Structures are given as C-alpha cells and as structure tokens.
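Asker: My questions all concern the structure below.
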Amino acid sequence: MKNVTLVLEDGTKFRGKSFGYDSPVAGEVVFNTAMMGYPESLTDPSYAGQLMVLTYPLVGNYGVPPFTVENNGIATFMESDKIYASAIIVADYSEMYSHWNAVESLADWLKREHVPGITGIDTRELTKVLREHGVMMGKILFDDEPDNIPTADYEGVNFVDKVSCKEIIRYNEGAGKKVVLVDCGVKNNIIRCLLNRGVEVIRVPWNYDYTDMDFDGLFLANGPGDPDMCEDAVNIIRKQMSLSTKPICGICMGNQLLAKAGGATIYKLKYGHRSHNQPVRMVGTTNCYVTSQNHGYAVDASTLGKDWEELFVNMNDGSNEGIRHKTNPWFSSQFHPEACSGPVDTEFMFDKFVDALK
Ligand SMILES: NC(=O)CC[C@H](N)C(=O)O
C-alpha cells in the first residue's frame with residue numbers, strides 16, 4: 001500500500017495509505033455519517049466531484065455486490081452505471097469481506113473503476129475539522145509522485161451536464177400514466193420507486209424541453225453540484241408551470257430547482273447533510289421522519305414566493321427540507337424518500353405523486 005497525504009485547503013494534513021486506484025486526485029471533501037451503504041453512495045451521481053469521507057470506522061467488510069442489470073436496464077444493486085465519487089476516505093479498510101451478495105472487494109472495485117481510496121485516516125477528527133471550518137477542497141497526494149499535484153474545481157462547475165443522460169430513455173412503455181423524469185443525475189432507486197407504482201417513465205436530459213410532450217406528471221431528480229448552474233432546467237420548469245397544473249414532484253436537486261422556479265434562492269450550507277438519520281418534521285404537524293440525505297446546498301425558505309410554503313424542516317439545524325405549492329399538486333423534498341441506502345420512512349412521497357396523476 002502506497003503512502004499518501006490528504007491535504008485540505010486550509011493546510012491541514014492527514015497521513016494514510018492507498019487501497020484503491022493509485023492516483024492523486026482533488027475534489028470537495030465531504031463527510032457522510034451513515035453506517036453502511038458504500039456501494040450505493042459511491043454510485044450516487046450526486047457525489048460527482050467529491051472526495052467522500054465515511055465516519056463509520058470499518059469499511060469494506062461486506063464487499064461489493066454484482067453489477068447485474070434488470071430487464072428494464074437498471075442495475076439491480078447499484079444507483080447508477082459506475083462510481084461517481086472522485087475518491088473514498090476511510091479510517092479502517094477491511095480487506096476481509098463476507099456477505100451473501102458480495103462478488104469482489106471494495107479495493108478491487110475501486111481499482112477496476114480507477115477511483116482512489118485511502119485508509120488509516122482519522123475520519124472523525126477530519127470531520128471535526130470540516131464542521132469547524134466548513135466544507136473544503138482537498139487533495140490526495142502520493143509520496144512517490146511528489147510532482148504530481150492534481151487540481152479540481154467544484155463551485156462554478158456544471159456537474160449536472162456531465163452526469164445527465166444525453167438521450168431520452170423510456171421505461172415501462174405503455175404502462176399507463178406517463179411521468180417525465182428530468183435526469184440531473186438520477187439515482188436508480190427513484191426510477192425503481194416510480195416503476196414499482198406502475199407508471200411509464202420517460203427519462204430526459206436535464207436541459208430538455210419536455211413542455212410539448214404527452215405526459216401526466218413531472219419528476220425532478222437529484223443531481224451533483226450547485227443548483228445555480230442549472231438555469232436552463234429552471235426556465236423549463238417555470239414554462240411548464242405557466243402552461244399547466246400537472247403534478248410535479250422533486251427530490252434533493254429537484255427540490256432546489258422547483259424552489260428556484262418558484263422564485264426562491266439557494267445558499268451553500270456550512271457543511272452538508274450526508275447520513276441516514278436526518279430528522280425532518282412535516283410542517284403543521286408533529287410528525288418527524290428519519291431520512292436519508294446527501295446535499296450541500298439548501299433552499300432559503302424566507303425567499304419562497306407567496307404561492308409556496310415549507311413542507312418539511314430539518315430538526316437539527318432548521319434548514320428547509322421540502323416545499324409545496326399552496327394550490328397546485330407541486331411538492332418536493334430535500335431528503336431522499338427513495339433512500340437506498342437509508343431508511344424508507346418517507347416513500348409515501350412517491351405514493352402522493354402517483355395518486356396525484358389520477
Ligand atoms: N443529492 C442531490 O440532489 C444534491 C443536490 C445538490 N447537488 C446539493 O449538494 O445540495
């Protein structure tokens with residue numbers, strides 16, 4: 001295992017060892033406090049451009065599931081077709097793995113996909129640094145390649161354009177109600193959750209103008225990077241809202257784009273929400289749900305237009321976790337009701353959307 005140093009933007013250094021693909025890399029350093037789910041998180045396109053720190057200390061012990069694909073073309077166990085995170089940073093990589101569904105080790109998978117992974121890092125201390133200072137860029141440098149210094153940008157990059165599909169993909173054709181799914185970097189479980197409810201899904205590129213297509217409802221997916229980079233998508237949503245009251249539902253980036261289309265502004269959180277235990281309260285009720293999350297930006301609820309209101313708030317920091325239109329069936333969540341990985345308490349969001357199509 002080669003010796004590496006993780007260097008943060010503020011100069012803080014952590015020494016560790018490479019267990020994945022041996023190559024220096026730079027990106028935004030973000031921490032995730034979930035206790036499991038590394039295959040799903042690594043393949044979540046919303047992690048594009050980021051070095052993913054896992055605070056749970058033992059990682060790799062259940063290996064990696066196979067890349068089998070269902071009849072509908074969706075991977076059975078992964079959230080997309082490849083690893084999107086730029087690297088994974090762990091405290092204690094477990095070479096030994098055991099799981100009924102494991103076909104290879106995390107190290108072998110990372111090497112095959114050319115993604116660096118480093119171990120021996122005090123990820124809890126690293127997380128404290130990120131929480132104190134706020135999110136930072138970082139670099140993984142290899143001792144034996146002192147002149148190989150990688151560079152990367154995060155803010156100002158349109159990651160959605162990099163990860164979105166380039167052509168329309170149809171699922172469950174002729175099934176009944178038709179849902180246009182705007183692919184900002186969609187996780188497979190959003191598609192699975194829609195298909196399980198018997199609708200046809202028409203997946204379109206993030207900047208595709210679907211407004212004159214034949215469809216019954218609009219679904220806005222998750223995606224990487226800064227939502228302010230996605231003005232094209234926002235303008236098309238706004239056009240759709242001016243043409244009809246067809247149901248609209250959004251998740252994560254989808255919540256941010258719907259809010260922007262409704263006139264709100266977005267800000268960057270000091271450090272994001274990435275875990276499986278984010279408590280959110282449904283506004284106007286005492287119902288609290290435990291949710292799966294992965295985001296670094298948030299909707300400034302004080303800027304919502306007069307026709308909109310908050311639907312969910314985060315019980316840790318009071319930030320916005322969802323919005324709804326006061327009269328039309330347009331609503332969204334900042335958290336991930338499709339989870340995968342994470343708790344499935346809020347899958348009712350899909351039921352509400354599919355019910356609204358009828
Ligand atoms: N998972 C997502 O859709 C994330 C949305 C956006 N990229 C953020 O970080 O806030």
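By order in the structure tokens, chains are A, B, ...; within a chain, residues start at 1; ligands start at 1, following the order shown.
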Can you tell me which residues come within 7 Å of ligand 1 when counting only C-alpha atoms and all ligand atoms, ideally as number ranges by chain?

Answerer: A: 46, 221-227, 251-254, 294-298

Asker: Could you take the residues named above and write them with C-alpha atoms, as a PDB file, in the first residue's frame?

Answerer:
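Output saved as out05.pdb:
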ATOM      1  CA  SER A  46     -24.717  13.429  -6.724  1.00  0.00           C
ATOM      2  CA  ALA A 221     -34.360  14.118  -9.858  1.00  0.00           C
ATOM      3  CA  ASN A 222     -31.327  14.541  -7.599  1.00  0.00           C
ATOM      4  CA  GLY A 223     -28.014  15.666  -9.036  1.00  0.00           C
ATOM      5  CA  PRO A 224     -24.496  16.886  -8.253  1.00  0.00           C
ATOM      6  CA  GLY A 225     -23.110  20.373  -7.802  1.00  0.00           C
ATOM      7  CA  ASP A 226     -24.528  23.842  -7.490  1.00  0.00           C
ATOM      8  CA  PRO A 227     -28.213  24.215  -8.499  1.00  0.00           C
ATOM      9  CA  ILE A 251     -36.061  15.200  -4.809  1.00  0.00           C
ATOM     10  CA  CYS A 252     -32.952  16.970  -3.486  1.00  0.00           C
ATOM     11  CA  MET A 253     -31.621  18.872  -6.536  1.00  0.00           C
ATOM     12  CA  GLY A 254     -35.252  18.596  -7.701  1.00  0.00           C
ATOM     13  CA  ASN A 294     -26.882  13.873   0.546  1.00  0.00           C
ATOM     14  CA  HIS A 295     -26.748  17.570  -0.144  1.00  0.00           C
ATOM     15  CA  GLY A 296     -24.517  20.604   0.334  1.00  0.00           C
ATOM     16  CA  TYR A 297     -26.903  23.381  -0.737  1.00  0.00           C
ATOM     17  CA  ALA A 298     -30.296  24.354   0.672  1.00  0.00           C
TER      18      ALA A 298
END

Asker: From a backbone DSSP assignment, name each residue in stretch 32-136 of chain A labelled strand (DSSP E or B), as an MDAnalysis selection string.

Answerer: chainID A and resid 32 48 50:54 58:59 64 69 75 85 87:89 92:93 104 117:119 136

Asker: Would you please extract all helix (DSSP H, G or I) residues from stretch 163-227 of chain A, as assigned by DSSP on the backbone, and give them as a list in words?

Answerer: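 DSSP-assigned helix (DSSP H, G or I) residues in stretch 163-227 of chain A: Val163, Asn188, Asn189, Ile190, Ile191, Arg192, Cys193, Leu194, Leu195 and Pro227 of chain A.
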
Asker: With distances taken over only C-alpha atoms, which of A:Pro66, A:Gly272, A:Pro205, A:Gly117 is nearest to A:Phe31?

Answerer: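 Checking each candidate against A:Phe31, we get A:Gly272 as the closest.
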
Asker: Using only C-alpha atoms, find the one residue out of A:Val201, A:Leu6, A:Val53, A:Cys193 that sits nearest to A:Tyr171.

Answerer: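 Under the stated criterion, the closest residue is A:Val201.
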
Asker: Give me the residues within 7 Å of stretch 133-142 of chain A as a list in words, counting only C-alpha atoms and dropping any in the same chain fewer than 5 places off.

Answerer: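 Final neighbour list, sorted by chain and number: Asn3, Val4, Thr5, Leu6, Val7, Leu8, Glu9, Pro24, Val25, Ala26, Gly27, Glu28, Val29, Val30, Ile149, Pro150, Lys270 and Tyr271 of chain A.
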
Asker: Check the smallest atom-to-atom distance from each of A:Gln278, A:Ser80, A:Ser332, A:Ser94 to A:Val290 using only C-alpha atoms, then report the winner.

Answerer: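 Among A:Gln278, A:Ser80, A:Ser332, A:Ser94, it is A:Gln278 that comes nearest to A:Val290.
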
Asker: Near A:Asn316, counting only C-alpha atoms, which residues have an atom at most 9 Å away, once you skip same-chain residues fewer than 2 positions from it, shown as JSON, numbers by chain?

Answerer: {"A": [278, 279, 280, 313, 314, 318, 319]}

Asker: Compare A:Tyr289, A:Tyr47, A:Phe215, A:Trp100 by their minimum atom-to-atom distance to A:Pro65, counting only C-alpha atoms, and give me the closest one.

Answerer: A:Trp100

Asker: Give the answer as one residue: which of A:Pro57, A:Pro146, A:Gly198, A:Pro337 has the shortest atom-to-atom distance to A:Met349, using only C-alpha atoms?

Answerer: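 Closest to A:Met349, using only C-alpha atoms: A:Pro337.
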
Asker: If I take atom CA of A:Leu42 and atom CA of A:Thr291, how far is one from the other in Å, to one decimal?

Answerer: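 Distance reported for this atom pair: 18.5 Å.
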
Asker: Any chance you could tabulate, as CSV, the residues of stretch 69-101 of chain A at most 12 Å from stretch 173-190 of chain A with each one's nearest atom pair and distance in Å to one decimal, using only C-alpha atoms, in chain and rising number order?

Answerer:
residue,atom,partner,partner_atom,distance
A:Val69,CA,A:Asn188,CA,11.2
A:Glu70,CA,A:Asn188,CA,11.3
A:Asn72,CA,A:Glu173,CA,10.2
A:Gly73,CA,A:Asn188,CA,10.2
A:Ile74,CA,A:Asn188,CA,6.7
A:Ala75,CA,A:Asn188,CA,7.5
A:Thr76,CA,A:Asn188,CA,8.8
A:Phe77,CA,A:Asn188,CA,9.1
A:Met78,CA,A:Asn188,CA,7.3
A:Glu79,CA,A:Asn188,CA,4.6
A:Ser80,CA,A:Asn188,CA,5.9
A:Asp81,CA,A:Asn188,CA,9.2
A:Lys82,CA,A:Lys187,CA,11.3
A:Ile83,CA,A:Lys187,CA,11.9
A:Tyr84,CA,A:Gly185,CA,10.0

Asker: May I have the selected residues written with C-alpha atoms, as a PDB file, in the first residue's frame?

Answerer:
ATOM      1  CA  VAL A  69     -28.873  -5.438 -14.787  1.00  0.00           C
ATOM      2  CA  GLU A  70     -32.669  -5.961 -14.729  1.00  0.00           C
ATOM      3  CA  ASN A  72     -35.684  -2.635 -17.632  1.00  0.00           C
ATOM      4  CA  GLY A  73     -31.981  -1.815 -17.998  1.00  0.00           C
ATOM      5  CA  ILE A  74     -31.471  -0.683 -14.389  1.00  0.00           C
ATOM      6  CA  ALA A  75     -28.643  -2.111 -12.262  1.00  0.00           C
ATOM      7  CA  THR A  76     -30.036  -4.420  -9.559  1.00  0.00           C
ATOM      8  CA  PHE A  77     -27.818  -3.328  -6.687  1.00  0.00           C
ATOM      9  CA  MET A  78     -26.181  -0.041  -7.741  1.00  0.00           C
ATOM     10  CA  GLU A  79     -27.536   3.503  -8.003  1.00  0.00           C
ATOM     11  CA  SER A  80     -26.091   4.125 -11.473  1.00  0.00           C
ATOM     12  CA  ASP A  81     -23.734   2.601 -14.021  1.00  0.00           C
ATOM     13  CA  LYS A  82     -20.427   3.478 -12.312  1.00  0.00           C
ATOM     14  CA  ILE A  83     -18.688   5.124  -9.354  1.00  0.00           C
ATOM     15  CA  TYR A  84     -19.221   8.890  -9.431  1.00  0.00           C
TER      16      TYR A  84
END

Asker: Have a look at A:Trp330, A:Tyr267, A:Tyr21, A:Phe348 and name the one nearest to A:Met241; count only C-alpha atoms.

Answerer: A:Trp330

Asker: Skipping near chain neighbours, those fewer than 2 positions away, what residues fall within 9 Å of A:Met36 using only C-alpha atoms, listed as a ChimeraX atom specification?

Answerer: /A:33-34,38-39,56,59,276,341-342

Asker: Got time to write the residues from that selection, N, CA and C atoms, as a CSV table (one decimal), in the first residue's frame?

Answerer:
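So the final result, stored in part_30.csv, reads:
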chain,number,residue,atom,x,y,z
A,33,THR,N,-22.1,10.3,7.5
A,33,THR,CA,-22.0,9.6,8.8
A,33,THR,C,-22.9,8.4,8.8
A,34,ALA,N,-23.3,7.9,7.6
A,34,ALA,CA,-24.1,6.6,7.6
A,34,ALA,C,-23.2,5.5,8.0
A,38,TYR,N,-21.9,1.9,1.3
A,38,TYR,CA,-20.9,2.5,0.4
A,38,TYR,C,-21.1,2.1,-1.1
A,39,PRO,N,-21.6,0.9,-1.5
A,39,PRO,CA,-21.9,0.7,-2.9
A,39,PRO,C,-22.9,1.7,-3.5
A,56,TYR,N,-18.1,6.2,9.7
A,56,TYR,CA,-18.2,4.9,10.3
A,56,TYR,C,-16.8,4.2,10.1
A,59,VAL,N,-14.9,-0.1,7.0
A,59,VAL,CA,-15.5,0.0,5.7
A,59,VAL,C,-14.9,-1.1,4.7
A,276,HIS,N,-27.9,8.8,7.2
A,276,HIS,CA,-29.2,8.1,7.1
A,276,HIS,C,-30.1,8.4,8.3
A,341,SER,N,-29.0,4.1,-0.1
A,341,SER,CA,-29.3,3.3,1.2
A,341,SER,C,-29.9,4.3,2.2
A,342,GLY,N,-30.5,3.7,3.2
A,342,GLY,CA,-31.1,4.5,4.3
A,342,GLY,C,-32.5,4.1,4.6

Asker: Please indicate the distance in Å from atom CA of A:Ser105 to atom CA of A:Glu338, rounded to one decimal place.

Answerer: 26.1 Å

Asker: Need to verify the contact set: A:Gly60, 9 Å, only C-alpha atoms, exclusion of same-chain residues closer than 6 positions in sequence. Can you return it as a ChimeraX atom specification?

Answerer: /A:38,92-97,105-107

Asker: May I have the selected residues written with N, CA and C atoms, as a PDB file, in the first residue's frame?

Answerer:
ATOM      1  N   TYR A  38     -21.890   1.919   1.264  1.00  0.00           N
ATOM      2  CA  TYR A  38     -20.858   2.464   0.363  1.00  0.00           C
ATOM      3  C   TYR A  38     -21.062   2.097  -1.114  1.00  0.00           C
ATOM      4  N   ASP A  92     -10.559   2.632   8.498  1.00  0.00           N
ATOM      5  CA  ASP A  92     -10.026   1.283   8.609  1.00  0.00           C
ATOM      6  C   ASP A  92     -10.620   0.413   7.511  1.00  0.00           C
ATOM      7  N   TYR A  93      -9.915   0.302   6.385  1.00  0.00           N
ATOM      8  CA  TYR A  93     -10.397  -0.525   5.280  1.00  0.00           C
ATOM      9  C   TYR A  93     -10.270  -2.000   5.654  1.00  0.00           C
ATOM     10  N   SER A  94     -11.359  -2.732   5.518  1.00  0.00           N
ATOM     11  CA  SER A  94     -11.364  -4.156   5.858  1.00  0.00           C
ATOM     12  C   SER A  94     -11.115  -4.983   4.598  1.00  0.00           C
ATOM     13  N   GLU A  95      -9.919  -5.587   4.518  1.00  0.00           N
ATOM     14  CA  GLU A  95      -9.614  -6.420   3.349  1.00  0.00           C
ATOM     15  C   GLU A  95     -10.506  -7.643   3.322  1.00  0.00           C
ATOM     16  N   MET A  96     -10.787  -8.165   4.509  1.00  0.00           N
ATOM     17  CA  MET A  96     -11.627  -9.351   4.594  1.00  0.00           C
ATOM     18  C   MET A  96     -13.081  -8.915   4.445  1.00  0.00           C
ATOM     19  N   TYR A  97     -13.819  -9.601   3.581  1.00  0.00           N
ATOM     20  CA  TYR A  97     -15.234  -9.267   3.459  1.00  0.00           C
ATOM     21  C   TYR A  97     -16.065 -10.541   3.413  1.00  0.00           C
ATOM     22  N   SER A 105     -13.997  -7.391  -3.664  1.00  0.00           N
ATOM     23  CA  SER A 105     -13.684  -6.486  -2.552  1.00  0.00           C
ATOM     24  C   SER A 105     -13.860  -5.040  -3.004  1.00  0.00           C
ATOM     25  N   LEU A 106     -14.016  -4.159  -2.022  1.00  0.00           N
ATOM     26  CA  LEU A 106     -14.105  -2.729  -2.345  1.00  0.00           C
ATOM     27  C   LEU A 106     -12.825  -2.273  -3.051  1.00  0.00           C
ATOM     28  N   ALA A 107     -11.666  -2.776  -2.604  1.00  0.00           N
ATOM     29  CA  ALA A 107     -10.391  -2.376  -3.229  1.00  0.00           C
ATOM     30  C   ALA A 107     -10.362  -2.764  -4.709  1.00  0.00           C
TER      31      ALA A 107
END

Asker: What separation in Å, quoted to one decimal, exists between atom CA of A:Thr68 and atom CA of A:Arg203?

Answerer: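 Pair atom CA of A:Thr68 / atom CA of A:Arg203 returns 20.8 Å.
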